[in-house]
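Engineer: One file: structure10.txt (compact mmCIF, C-alpha atoms and all ligand atoms).
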# COMPACT_ATOMS: atom_id res chain seq x y z
CA MET A 4 84.86 173.68 192.23
CA THR A 5 83.69 170.47 190.61
CA THR A 6 80.01 169.91 191.29
CA THR A 7 77.94 167.03 189.98
CA ARG A 8 74.45 165.78 190.62
CA PHE A 9 72.42 162.64 190.37
CA ALA A 10 68.90 163.65 189.43
CA PRO A 11 66.41 160.81 189.62
CA SER A 12 62.68 161.32 189.24
CA PRO A 13 61.02 159.67 192.24
CA THR A 14 58.54 157.76 190.12
CA GLY A 15 59.89 154.28 190.82
CA TYR A 16 62.76 152.33 192.32
CA ILE A 17 66.19 153.02 190.89
CA HIS A 18 67.83 150.24 188.88
CA VAL A 19 71.24 149.32 187.52
CA GLY A 20 70.88 151.83 184.69
CA ASN A 21 70.31 154.67 187.14
CA LEU A 22 73.14 153.41 189.28
CA ARG A 23 75.56 153.84 186.42
CA THR A 24 74.58 157.51 186.16
CA ALA A 25 74.70 158.01 189.92
CA LEU A 26 78.06 156.32 190.30
CA MET A 27 79.77 158.18 187.49
CA ASN A 28 78.65 161.54 188.85
CA TYR A 29 79.60 160.51 192.36
CA LEU A 30 83.08 159.36 191.35
CA ILE A 31 83.79 162.51 189.35
CA ALA A 32 82.87 164.70 192.32
CA ARG A 33 84.82 162.66 194.84
CA LYS A 34 87.91 162.34 192.67
CA ALA A 35 88.01 166.12 192.28
CA GLY A 36 87.28 166.73 195.96
CA GLY A 37 84.09 168.45 194.81
CA THR A 38 80.40 168.33 195.68
CA PHE A 39 77.89 165.64 194.86
CA ILE A 40 74.24 166.70 194.95
CA LEU A 41 71.28 164.36 195.13
CA ARG A 42 68.63 166.24 193.19
CA ILE A 43 65.10 164.97 193.32
CA ASP A 44 63.38 165.79 190.02
CA ASP A 45 59.86 165.92 191.36
CA THR A 46 58.13 168.53 189.24
CA ASP A 47 55.48 165.99 188.29
CA PRO A 48 53.21 165.93 191.35
CA GLU A 49 51.14 163.04 190.08
CA ARG A 50 53.91 160.57 189.37
CA SER A 51 56.36 161.62 192.10
CA LYS A 52 55.97 159.68 195.35
CA GLU A 53 57.56 160.26 198.72
CA GLU A 54 58.11 156.54 199.20
CA TYR A 55 60.36 156.52 196.14
CA VAL A 56 62.35 159.48 197.47
CA ASP A 57 63.00 157.46 200.64
CA ALA A 58 63.78 154.33 198.64
CA ILE A 59 66.29 156.17 196.44
CA LYS A 60 68.07 157.47 199.54
CA GLN A 61 68.12 154.01 201.12
CA ASP A 62 69.51 152.44 197.97
CA MET A 63 72.25 155.04 197.69
CA GLU A 64 73.15 154.68 201.35
CA TRP A 65 73.32 150.92 200.98
CA LEU A 66 75.90 151.44 198.25
CA GLY A 67 77.79 154.11 200.18
CA LEU A 68 77.10 156.80 197.58
CA HIS A 69 76.86 159.60 200.10
CA TRP A 70 75.63 162.96 198.88
CA ASP A 71 76.67 166.35 200.18
CA ARG A 72 73.19 167.79 199.98
CA VAL A 73 69.71 167.12 198.70
CA GLU A 74 67.83 169.52 196.45
CA ARG A 75 64.21 169.16 195.48
CA GLN A 76 62.78 170.68 192.36
CA SER A 77 59.36 171.01 193.96
CA ASP A 78 60.93 173.53 196.39
CA ARG A 79 62.21 175.66 193.55
CA LEU A 80 59.15 176.28 191.38
CA ASP A 81 59.44 180.06 191.82
CA ARG A 82 62.96 179.95 190.36
CA TYR A 83 61.68 178.17 187.28
CA ALA A 84 58.81 180.65 186.89
CA GLU A 85 61.33 183.48 187.00
CA ALA A 86 63.45 181.86 184.30
CA ALA A 87 60.32 181.35 182.21
CA ASP A 88 59.47 185.06 182.55
CA LYS A 89 62.95 185.94 181.42
CA LEU A 90 62.63 183.80 178.31
CA ARG A 91 59.22 185.35 177.62
CA GLU A 92 60.66 188.86 177.85
CA MET A 93 63.44 187.86 175.49
CA GLY A 94 60.95 186.64 172.91
CA ARG A 95 62.29 183.06 173.19
CA PHE A 96 59.11 181.64 174.64
CA TYR A 97 55.78 181.20 172.88
CA GLU A 98 52.43 179.72 173.66
CA ALA A 99 51.11 176.93 171.44
CA PHE A 100 47.65 175.37 171.49
CA GLU A 101 47.77 172.22 169.38
CA THR A 102 46.15 169.21 170.97
CA PRO A 103 48.15 165.97 171.13
CA THR A 104 45.99 164.58 168.33
CA GLU A 105 46.73 167.58 166.11
CA LEU A 106 50.44 167.25 166.78
CA ASP A 107 50.29 163.59 165.99
CA LEU A 108 48.58 164.28 162.70
CA LYS A 109 51.21 166.87 161.78
CA ARG A 110 53.97 164.38 162.56
CA LYS A 111 52.35 161.71 160.42
CA LYS A 112 52.00 164.10 157.50
CA GLN A 113 55.64 165.11 157.76
CA LEU A 114 56.77 161.51 157.92
CA ASN A 115 54.62 160.65 154.89
CA MET A 116 56.34 163.40 152.96
CA GLY A 117 59.73 162.06 154.06
CA LYS A 118 60.36 165.02 156.34
CA PRO A 119 61.60 164.85 159.93
CA PRO A 120 58.70 165.22 162.39
CA VAL A 121 59.69 168.60 163.78
CA TYR A 122 57.13 171.00 165.24
CA ASP A 123 56.25 173.48 162.46
CA ARG A 124 56.00 176.54 164.73
CA ALA A 125 52.49 177.29 163.48
CA ALA A 126 51.78 178.96 166.84
CA LEU A 127 54.31 181.70 166.08
CA ASN A 128 51.93 183.04 163.46
CA LEU A 129 48.93 183.36 165.75
CA SER A 130 47.63 186.89 166.28
CA ASP A 131 46.76 188.06 169.79
CA ALA A 132 43.08 187.73 168.96
CA GLU A 133 43.54 184.18 167.72
CA LYS A 134 45.43 183.24 170.86
CA GLU A 135 42.71 184.79 172.98
CA ALA A 136 40.10 182.74 171.14
CA LEU A 137 42.10 179.50 171.47
CA ARG A 138 42.69 180.14 175.16
CA ALA A 139 38.96 180.67 175.68
CA GLU A 140 38.24 177.45 173.82
CA ARG A 141 41.04 175.15 175.01
CA GLY A 142 42.49 176.75 178.13
CA SER A 143 46.11 177.83 178.47
CA GLY A 144 48.52 176.52 175.87
CA VAL A 145 51.92 174.94 176.37
CA TRP A 146 55.02 177.13 176.37
CA ARG A 147 57.71 176.30 173.89
CA PHE A 148 61.28 177.53 173.78
CA LYS A 149 62.18 179.01 170.42
CA LEU A 150 65.42 177.41 169.34
CA ASP A 151 67.90 179.38 167.28
CA HIS A 152 68.22 177.46 164.06
CA GLU A 153 71.96 176.95 164.02
CA ARG A 154 74.23 174.01 164.81
CA ILE A 155 74.55 173.18 168.47
CA GLU A 156 77.97 171.79 169.26
CA TRP A 157 79.77 170.45 172.25
CA ASN A 158 82.63 168.20 173.12
CA ASP A 159 81.11 165.28 174.96
CA GLY A 160 83.16 163.54 177.63
CA ILE A 161 82.19 160.16 176.18
CA LEU A 162 80.78 160.72 172.69
CA GLY A 163 83.42 163.21 171.56
CA ASP A 164 82.51 166.11 169.24
CA ILE A 165 78.76 166.40 168.77
CA SER A 166 76.99 168.67 166.35
CA ILE A 167 73.23 168.82 166.11
CA ASP A 168 71.23 170.96 163.72
CA ALA A 169 68.72 172.81 165.88
CA ALA A 170 66.33 172.91 162.91
CA SER A 171 66.01 169.14 163.18
CA VAL A 172 64.68 169.41 166.73
CA SER A 173 61.21 170.56 167.82
CA ASP A 174 61.06 173.65 170.00
CA PRO A 175 60.87 172.00 173.41
CA VAL A 176 57.81 172.41 175.58
CA LEU A 177 59.01 173.78 178.92
CA ILE A 178 55.68 174.45 180.62
CA ARG A 179 52.57 172.38 180.17
CA GLY A 180 49.09 173.74 179.67
CA ASP A 181 48.24 173.07 183.32
CA GLY A 182 51.24 175.14 184.37
CA GLN A 183 53.47 172.24 185.30
CA VAL A 184 57.12 173.08 184.75
CA LEU A 185 58.98 170.41 182.82
CA TYR A 186 62.32 168.86 183.57
CA THR A 187 64.07 170.49 180.61
CA ILE A 188 63.93 174.00 182.06
CA ALA A 189 64.00 172.98 185.72
CA SER A 190 67.22 171.09 185.14
CA VAL A 191 68.84 174.01 183.35
CA VAL A 192 67.94 176.46 186.10
CA ASP A 193 69.24 174.08 188.77
CA ASP A 194 72.45 173.21 186.97
CA THR A 195 73.16 176.90 186.46
CA GLU A 196 72.24 178.15 189.93
CA MET A 197 73.85 175.22 191.74
CA GLY A 198 77.10 175.65 189.84
CA VAL A 199 77.00 172.16 188.36
CA THR A 200 80.22 171.74 186.39
CA ASN A 201 79.85 168.19 185.03
CA VAL A 202 76.75 166.33 183.92
CA VAL A 203 76.89 162.64 183.12
CA ARG A 204 73.64 161.06 181.99
CA GLY A 205 72.33 158.48 179.59
CA SER A 206 72.63 158.91 175.83
CA ASP A 207 68.82 159.10 175.70
CA HIS A 208 69.38 162.70 176.84
CA VAL A 209 71.56 163.83 173.92
CA THR A 210 68.78 165.81 172.21
CA ASN A 211 67.77 167.31 175.55
CA THR A 212 71.32 168.45 175.98
CA ALA A 213 71.27 170.23 172.63
CA THR A 214 68.16 172.21 173.56
CA GLN A 215 69.38 172.78 177.11
CA ILE A 216 72.61 174.29 175.84
CA GLN A 217 70.59 176.96 174.03
CA ILE A 218 68.41 177.57 177.07
CA ILE A 219 71.44 177.91 179.33
CA GLU A 220 72.97 180.38 176.91
CA ALA A 221 69.72 182.34 176.65
CA LEU A 222 69.56 182.61 180.44
CA GLY A 223 73.19 183.73 180.61
CA GLY A 224 74.49 180.62 182.37
CA THR A 225 77.64 178.59 181.81
CA CYS A 226 77.32 175.16 180.25
CA PRO A 227 78.53 172.25 182.33
CA ARG A 228 80.77 169.68 180.71
CA PHE A 229 78.43 167.00 179.36
CA ALA A 230 79.08 163.29 179.00
CA HIS A 231 76.48 160.79 177.81
CA HIS A 232 77.02 157.19 178.69
CA SER A 233 75.62 154.42 176.53
CA LEU A 234 72.54 152.55 177.63
CA LEU A 235 72.69 149.08 179.11
CA THR A 236 71.51 146.09 177.15
CA GLY A 237 71.02 142.49 178.21
CA PRO A 238 73.81 139.93 177.73
CA GLN A 239 72.70 139.25 174.14
CA GLY A 240 72.50 142.92 173.27
CA GLU A 241 68.72 142.92 173.74
CA ALA A 242 67.03 146.05 175.05
CA LEU A 243 66.95 146.09 178.80
CA SER A 244 64.26 148.70 179.20
CA LYS A 245 61.51 146.17 179.90
CA ARG A 246 63.59 144.17 182.33
CA LEU A 247 64.93 147.15 184.25
CA GLY A 248 61.96 146.81 186.54
CA THR A 249 63.45 143.54 187.81
CA LEU A 250 66.90 145.01 188.09
CA ALA A 251 66.02 147.48 190.81
CA LEU A 252 68.84 147.97 193.29
CA ARG A 253 66.63 146.70 196.08
CA ASP A 254 66.04 143.45 194.22
CA LEU A 255 69.76 142.95 193.81
CA ARG A 256 70.27 143.64 197.51
CA GLU A 257 67.51 141.11 198.24
CA GLN A 258 69.34 138.57 196.10
CA GLY A 259 72.43 139.04 198.23
CA VAL A 260 74.55 141.10 195.84
CA GLN A 261 77.27 142.93 197.77
CA PRO A 262 77.65 146.69 197.24
CA MET A 263 81.34 146.50 196.34
CA ALA A 264 80.63 143.82 193.74
CA LEU A 265 77.96 145.99 192.12
CA LEU A 266 80.04 149.17 192.32
CA SER A 267 83.18 147.49 190.99
CA LEU A 268 81.27 146.19 187.98
CA MET A 269 79.46 149.42 187.26
CA ALA A 270 82.54 151.62 187.60
CA ARG A 271 84.19 149.75 184.72
CA LEU A 272 81.55 148.07 182.56
CA GLY A 273 81.58 149.68 179.12
CA SER A 274 84.96 151.32 179.62
CA SER A 275 88.31 150.33 178.19
CA ASP A 276 89.51 149.31 181.66
CA PRO A 277 88.94 145.76 182.87
CA VAL A 278 86.42 144.99 185.60
CA GLU A 279 88.33 144.39 188.80
CA LEU A 280 86.89 143.74 192.19
CA ARG A 281 87.79 146.57 194.56
CA SER A 282 87.40 146.41 198.27
CA GLU A 283 87.16 150.12 199.00
CA MET A 284 85.30 153.03 197.45
CA ALA A 285 88.58 154.99 197.57
CA GLU A 286 90.09 152.61 195.01
CA LEU A 287 87.12 153.09 192.69
CA ILE A 288 87.45 156.85 192.99
CA GLU A 289 91.17 156.74 192.32
CA GLY A 290 90.83 154.56 189.23
CA PHE A 291 87.85 156.31 187.62
CA ASP A 292 87.98 158.19 184.34
CA VAL A 293 84.75 158.98 182.53
CA ASN A 294 86.63 159.59 179.27
CA ARG A 295 87.50 155.91 179.10
CA PHE A 296 83.90 154.86 178.54
CA GLY A 297 82.78 153.99 175.04
CA ALA A 298 79.71 155.05 173.07
CA ALA A 299 78.61 151.50 172.15
CA PRO A 300 75.72 149.95 174.09
CA THR A 301 76.98 148.24 177.22
CA LYS A 302 76.09 144.61 177.83
CA PHE A 303 75.04 143.86 181.35
CA ASP A 304 74.55 140.38 182.76
CA VAL A 305 73.16 140.27 186.27
CA GLN A 306 74.86 136.88 186.71
CA ASP A 307 78.26 138.62 186.64
CA LEU A 308 77.45 140.10 190.02
CA PHE A 309 77.49 136.75 191.80
CA PRO A 310 81.10 135.63 191.24
CA LEU A 311 82.16 139.15 192.22
CA THR A 312 80.01 138.94 195.33
CA ALA A 313 81.50 135.55 196.24
CA LYS A 314 85.01 136.87 195.74
CA HIS A 315 84.28 139.92 197.83
CA LEU A 316 82.87 137.83 200.68
CA GLN A 317 85.96 135.62 200.63
CA SER A 318 88.07 138.64 201.44
CA LEU A 319 86.04 139.75 204.45
CA PRO A 320 87.03 139.21 208.09
CA LEU A 321 84.42 137.90 210.49
CA ASP A 322 83.87 141.38 211.93
CA ASP A 323 82.32 142.54 208.66
CA VAL A 324 79.80 139.71 208.56
CA ALA A 325 79.34 138.87 212.24
CA GLU A 326 75.67 139.81 212.13
CA ALA A 327 74.91 137.59 209.15
CA VAL A 328 76.81 134.69 210.74
CA ALA A 329 74.85 135.09 213.98
CA ASP A 330 71.59 135.41 212.01
CA ALA A 331 72.35 132.08 210.34
CA GLY A 332 72.23 130.57 213.84
CA VAL A 333 75.94 130.02 214.40
CA PRO A 334 76.87 130.20 218.12
CA ALA A 335 79.41 132.89 218.98
CA ASP A 336 82.15 130.42 219.97
CA LEU A 337 82.03 128.79 216.53
CA ALA A 338 81.66 131.99 214.52
CA GLU A 339 85.36 132.32 213.71
CA PRO A 340 86.03 128.77 212.41
CA PHE A 341 82.61 128.64 210.77
CA TRP A 342 83.25 131.82 208.78
CA ALA A 343 86.73 130.62 207.78
CA MET A 344 85.10 127.50 206.32
CA ALA A 345 81.97 129.08 204.90
CA ARG A 346 83.41 132.11 203.15
CA GLU A 347 85.22 129.86 200.68
CA ASN A 348 81.98 128.09 199.83
CA ILE A 349 79.24 130.68 199.56
CA THR A 350 78.01 132.89 196.75
CA THR A 351 75.90 135.17 198.94
CA LEU A 352 75.42 135.47 202.68
CA ALA A 353 72.09 133.71 202.28
CA ASP A 354 74.07 130.50 201.75
CA LEU A 355 75.40 130.64 205.33
CA LYS A 356 72.24 129.14 206.72
CA GLY A 357 72.57 125.97 204.65
CA TRP A 358 76.17 125.46 205.70
CA TRP A 359 75.29 125.99 209.33
CA GLU A 360 72.45 123.48 209.07
CA LEU A 361 74.86 120.96 207.61
CA CYS A 362 77.25 121.54 210.52
CA ARG A 363 74.51 121.42 213.10
CA ASP A 364 72.35 118.55 211.87
CA GLY A 365 74.76 116.64 209.69
CA ALA A 366 73.92 115.64 206.15
CA GLU A 367 72.13 112.65 204.76
CA PRO A 368 75.22 110.42 204.41
CA LEU A 369 76.17 109.25 200.94
CA ILE A 370 77.67 105.78 201.38
CA ALA A 371 78.23 103.29 198.58
CA ASP A 372 77.60 99.63 199.45
CA GLU A 373 81.23 98.74 199.05
CA ASP A 374 82.19 101.48 201.51
CA ARG A 375 79.84 100.51 204.32
CA ASP A 376 82.31 98.50 206.36
CA PHE A 377 85.05 100.98 205.68
CA ILE A 378 82.95 103.87 207.00
CA ALA A 379 81.84 101.88 210.03
CA GLU A 380 85.44 101.12 210.88
CA ALA A 381 86.57 104.70 210.25
CA MET A 382 83.92 106.02 212.64
CA THR A 383 85.25 103.86 215.46
CA LEU A 384 88.68 105.41 214.89
CA LEU A 385 87.47 109.00 215.23
CA PRO A 386 89.80 110.74 217.74
CA GLU A 387 88.53 112.03 221.05
CA GLY A 388 87.14 115.59 220.94
CA PRO A 389 87.41 118.47 221.02
CA PHE A 390 88.21 118.63 217.35
CA ASP A 391 90.55 121.17 215.87
CA GLY A 392 92.27 121.85 212.56
CA GLU A 393 94.56 118.84 213.07
CA THR A 394 91.84 116.30 213.73
CA TRP A 395 91.09 115.44 210.11
CA GLY A 396 94.77 114.80 209.33
CA LYS A 397 95.26 112.60 212.39
CA TRP A 398 92.07 110.68 211.80
CA THR A 399 92.69 109.97 208.12
CA SER A 400 96.26 108.76 208.89
CA THR A 401 94.91 106.32 211.44
CA VAL A 402 92.18 105.14 209.07
CA LYS A 403 94.76 104.75 206.30
CA GLU A 404 96.94 102.55 208.50
CA ALA A 405 94.03 100.48 209.71
CA THR A 406 92.35 99.93 206.34
CA GLY A 407 95.16 100.22 203.83
CA ARG A 408 93.11 102.69 201.79
CA LYS A 409 94.76 105.82 200.43
CA GLY A 410 94.20 108.86 198.21
CA LYS A 411 90.73 109.28 196.70
CA GLY A 412 89.58 105.88 197.92
CA LEU A 413 90.30 107.02 201.43
CA PHE A 414 89.12 110.63 201.43
CA MET A 415 86.13 110.60 199.09
CA PRO A 416 83.98 108.06 200.96
CA LEU A 417 84.64 109.92 204.21
CA ARG A 418 83.71 113.23 202.67
CA LYS A 419 80.53 111.79 201.17
CA ALA A 420 79.56 110.09 204.41
CA LEU A 421 80.04 113.26 206.45
CA THR A 422 78.70 115.90 204.05
CA GLY A 423 76.49 113.99 201.64
CA MET A 424 78.39 115.71 198.82
CA GLU A 425 81.26 114.93 196.50
CA ARG A 426 82.87 118.31 196.90
CA GLY A 427 82.72 121.15 199.32
CA PRO A 428 84.73 122.71 202.09
CA GLU A 429 88.20 121.64 203.17
CA MET A 430 87.45 118.70 205.45
CA ALA A 431 90.11 119.87 207.90
CA THR A 432 88.20 123.10 208.49
CA LEU A 433 84.79 121.49 208.34
CA LEU A 434 85.35 118.61 210.74
CA PRO A 435 85.68 120.70 213.94
CA LEU A 436 82.38 122.32 213.02
CA LEU A 437 80.34 119.15 212.56
CA GLN A 438 78.25 119.15 215.71
CA VAL A 439 76.83 115.68 215.23
CA ILE A 440 80.24 114.08 214.89
CA ARG A 441 81.58 116.06 217.79
CA ALA A 442 78.77 114.88 219.97
CA LYS A 443 79.55 111.30 219.03
CA ALA A 444 83.27 111.65 219.69
N1 LIG A 501 65.35 163.37 186.03
C1 LIG A 501 66.08 163.14 184.82
C2 LIG A 501 66.10 161.67 184.51
O1 LIG A 501 65.95 160.87 185.43
C3 LIG A 501 67.49 163.70 184.98
C4 LIG A 501 68.30 163.73 183.76
C5 LIG A 501 69.53 164.56 183.97
O2 LIG A 501 70.49 164.03 184.52
O3 LIG A 501 69.53 165.73 183.64
O4 LIG A 501 66.22 161.27 183.38
Could you quickly redo this structure as structure tokens?
Structural biologist:
Amino acid sequence: MTTTRFAPSPTGYIHVGNLRTALMNYLIARKAGGTFILRIDDTDPERSKEEYVDAIKQDMEWLGLHWDRVERQSDRLDRYAEAADKLREMGRFYEAFETPTELDLKRKKQLNMGKPPVYDRAALNLSDAEKEALRAERGSGVWRFKLDHERIEWNDGILGDISIDAASVSDPVLIRGDGQVLYTIASVVDDTEMGVTNVVRGSDHVTNTATQIQIIEALGGTCPRFAHHSLLTGPQGEALSKRLGTLALRDLREQGVQPMALLSLMARLGSSDPVELRSEMAELIEGFDVNRFGAAPTKFDVQDLFPLTAKHLQSLPLDDVAEAVADAGVPADLAEPFWAMARENITTLADLKGWWELCRDGAEPLIADEDRDFIAEAMTLLPEGPFDGETWGKWTSTVKEATGRKGKGLFMPLRKALTGMERGPEMATLLPLLQVIRAKA
């Protein structure tokens, strides 16, 4: 059975980059009728915070990315210790004692000599007595996985055939000196034991994948199918890493971005399929294919979310937005006509308030000197209330007859006098909503 996972570390709020990973894994699982796991990668007790776990769940719920179950790495430390023991018994695990400064120095030397900065495995040559002495002096060492120096190959769902020379990669540290288990082994143990069949993650994990493939094989597991999506850049191709902090999902929600707008963009951006606004998750699931994504960096412009949000809102019936309409102050008996007018004219639901205020209080009229008499006359011809969708048509016909004005010369001054703007909603839909005018009529 197809099983995928989204595995955020709860060390901050999740952003658009994380969403891409979450969504792809979600869509693969749902399309296959499989299982989608939310895995909390919280092996780092200092940086992991409960408030971020809650925030991640809220953000995913907001988007409708429902998970089948939650797993937490901090609950599974004994499983990782067991795997570590196994690797130790197999002779694939060794303790190393270099300090960060020593490692840094080694790297610099290698780079100076034009060599790749790969850990030199000096620790493999330590005798038991030397290790004992180092342990006494520096405390426990880190535990490194001894890679087999051969080519590591896989067919990547996005990048195609990948081949990495294991000799060009440092033996990964899986356990820190203080005993903290690192993500690289925890993830392998989880993926194997939880039967994860497909892993989609960012291309910053490609080297991890190479080492994880060897660890999975050493532990006797089956490799999932890997796919590495490209990383997002800004609209000009600039690195987004620094700005990701401002592209947290909760900020986008705050700015009024609608979930379907965000999901529709993210399910297609960087793929060979065009971005199309979808109204239902089911359509996104149906149309998703991870193999259609490209390896090139994907340009993301937060501004693209707003036209999609506007278009999505236009398609919604009042029922879906009744709360927002009421929150804007619109009385229940006007909610239906108000929404019919407003949805054509808003970008986000936050704009409702402004439109309601215009209806309720009227606008500062915009009247040119030469139109003063015309407007005064037109106002005396305003039909008796209550106003409906026909009122504007009837009124403007009467005004036309009385004044001889027609076309733009007729409509534009009226619009500007009533709304204070040169363009905006259909006047026929707006007029019945204008409280001030209605009161006068
Ligand atoms: N916690 C890891 C991260 O956020 C998960 C990577 C993975 O999907 O394996 O980068």
Engineer: For the interface of chain A with ligand LIG 501 (chain A) (cut-off 7 Å, counting all atoms listed in the file), please tabulate each contacting residue of chain A alongside its nearest pair of atoms and their separation in Å to one decimal, rows sorted by chain and increasing number, as CSV.
Structural biologist:
residue,atom,partner,partner_atom,distance
A:Phe9,CA,A:LIG501,O2,6.3
A:Ala10,CA,A:LIG501,C3,4.7
A:Pro11,CA,A:LIG501,O1,4.2
A:Ser12,CA,A:LIG501,N1,4.7
A:Asp44,CA,A:LIG501,N1,5.1
A:Tyr186,CA,A:LIG501,N1,6.7
A:Ser190,CA,A:LIG501,O3,6.0
A:Val202,CA,A:LIG501,O2,6.7
A:Val203,CA,A:LIG501,O2,6.7
A:Arg204,CA,A:LIG501,O2,5.0
Engineer: Find the residues around segment 26-40 of chain A up to 6 Å (only C-alpha atoms counted), leave out those fewer than 3 positions away in its own chain, and share them as number ranges by chain.
Structural biologist: A: 4-8, 22-23, 70-73, 288
Engineer: Please provide as a PyMOL selection string all residues within 9 Å of Ile378 of chain A, with the sequence filter that same-chain residues fewer than 5 positions apart are discarded (counting only C-alpha atoms).
Structural biologist: chain A and resi 370+383+416-417+420
Engineer: Give me the residues within 9 Å of segment 89-103 of chain A as a PyMOL selection string, counting only C-alpha atoms and dropping any in the same chain fewer than 2 places off.
Structural biologist: chain A and resi 84-87+105-108+124-127+129+134+137-138+141-151+177+180+218+221-222
Engineer: With only C-alpha atoms as the basis for distance, which of A:Glu135, A:Asp164, A:Glu74, A:Asp276 is at the shortest distance from Asp193 of chain A?
Structural biologist: A:Glu74
Engineer: Can you give me N, CA, C and O atoms for segment 174-187 of chain A, written as a PDB file, in the frame of the given file?
Structural biologist:
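Listed below is the output, rebuild-v2.pdb:
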ATOM      1  N   ASP A 174      60.932 172.720 168.877  1.00  0.00           N
ATOM      2  CA  ASP A 174      61.060 173.650 170.000  1.00  0.00           C
ATOM      3  C   ASP A 174      60.520 172.960 171.251  1.00  0.00           C
ATOM      4  O   ASP A 174      59.343 172.562 171.274  1.00  0.00           O
ATOM      5  N   PRO A 175      61.337 172.793 172.274  1.00  0.00           N
ATOM      6  CA  PRO A 175      60.870 172.000 173.410  1.00  0.00           C
ATOM      7  C   PRO A 175      59.791 172.708 174.235  1.00  0.00           C
ATOM      8  O   PRO A 175      59.843 173.912 174.440  1.00  0.00           O
ATOM      9  N   VAL A 176      58.841 171.901 174.661  1.00  0.00           N
ATOM     10  CA  VAL A 176      57.810 172.410 175.580  1.00  0.00           C
ATOM     11  C   VAL A 176      58.442 172.474 176.966  1.00  0.00           C
ATOM     12  O   VAL A 176      58.965 171.475 177.457  1.00  0.00           O
ATOM     13  N   LEU A 177      58.407 173.651 177.592  1.00  0.00           N
ATOM     14  CA  LEU A 177      59.010 173.780 178.920  1.00  0.00           C
ATOM     15  C   LEU A 177      57.953 173.894 180.020  1.00  0.00           C
ATOM     16  O   LEU A 177      58.222 173.609 181.174  1.00  0.00           O
ATOM     17  N   ILE A 178      56.768 174.362 179.640  1.00  0.00           N
ATOM     18  CA  ILE A 178      55.680 174.450 180.620  1.00  0.00           C
ATOM     19  C   ILE A 178      54.419 173.870 179.979  1.00  0.00           C
ATOM     20  O   ILE A 178      54.089 174.193 178.837  1.00  0.00           O
ATOM     21  N   ARG A 179      53.771 173.025 180.719  1.00  0.00           N
ATOM     22  CA  ARG A 179      52.570 172.380 180.170  1.00  0.00           C
ATOM     23  C   ARG A 179      51.364 173.313 180.285  1.00  0.00           C
ATOM     24  O   ARG A 179      51.400 174.314 181.020  1.00  0.00           O
ATOM     25  N   GLY A 180      50.313 172.948 179.637  1.00  0.00           N
ATOM     26  CA  GLY A 180      49.090 173.740 179.670  1.00  0.00           C
ATOM     27  C   GLY A 180      48.562 173.940 181.096  1.00  0.00           C
ATOM     28  O   GLY A 180      48.014 174.990 181.436  1.00  0.00           O
ATOM     29  N   ASP A 181      48.730 172.947 181.940  1.00  0.00           N
ATOM     30  CA  ASP A 181      48.240 173.070 183.320  1.00  0.00           C
ATOM     31  C   ASP A 181      49.231 173.806 184.215  1.00  0.00           C
ATOM     32  O   ASP A 181      49.061 173.867 185.426  1.00  0.00           O
ATOM     33  N   GLY A 182      50.282 174.344 183.612  1.00  0.00           N
ATOM     34  CA  GLY A 182      51.240 175.140 184.370  1.00  0.00           C
ATOM     35  C   GLY A 182      52.405 174.340 184.916  1.00  0.00           C
ATOM     36  O   GLY A 182      53.350 174.912 185.480  1.00  0.00           O
ATOM     37  N   GLN A 183      52.370 173.042 184.745  1.00  0.00           N
ATOM     38  CA  GLN A 183      53.470 172.240 185.300  1.00  0.00           C
ATOM     39  C   GLN A 183      54.775 172.487 184.537  1.00  0.00           C
ATOM     40  O   GLN A 183      54.837 172.401 183.325  1.00  0.00           O
ATOM     41  N   VAL A 184      55.809 172.818 185.326  1.00  0.00           N
ATOM     42  CA  VAL A 184      57.120 173.080 184.750  1.00  0.00           C
ATOM     43  C   VAL A 184      57.757 171.748 184.380  1.00  0.00           C
ATOM     44  O   VAL A 184      57.689 170.795 185.148  1.00  0.00           O
ATOM     45  N   LEU A 185      58.380 171.686 183.223  1.00  0.00           N
ATOM     46  CA  LEU A 185      58.980 170.410 182.820  1.00  0.00           C
ATOM     47  C   LEU A 185      60.475 170.367 183.128  1.00  0.00           C
ATOM     48  O   LEU A 185      61.146 171.392 183.261  1.00  0.00           O
ATOM     49  N   TYR A 186      60.935 169.151 183.208  1.00  0.00           N
ATOM     50  CA  TYR A 186      62.320 168.860 183.570  1.00  0.00           C
ATOM     51  C   TYR A 186      63.337 169.675 182.773  1.00  0.00           C
ATOM     52  O   TYR A 186      64.336 170.144 183.318  1.00  0.00           O
ATOM     53  N   THR A 187      63.065 169.854 181.468  1.00  0.00           N
ATOM     54  CA  THR A 187      64.070 170.490 180.610  1.00  0.00           C
ATOM     55  C   THR A 187      64.495 171.868 181.124  1.00  0.00           C
ATOM     56  O   THR A 187      65.681 172.169 181.161  1.00  0.00           O
TER      57      THR A 187
END
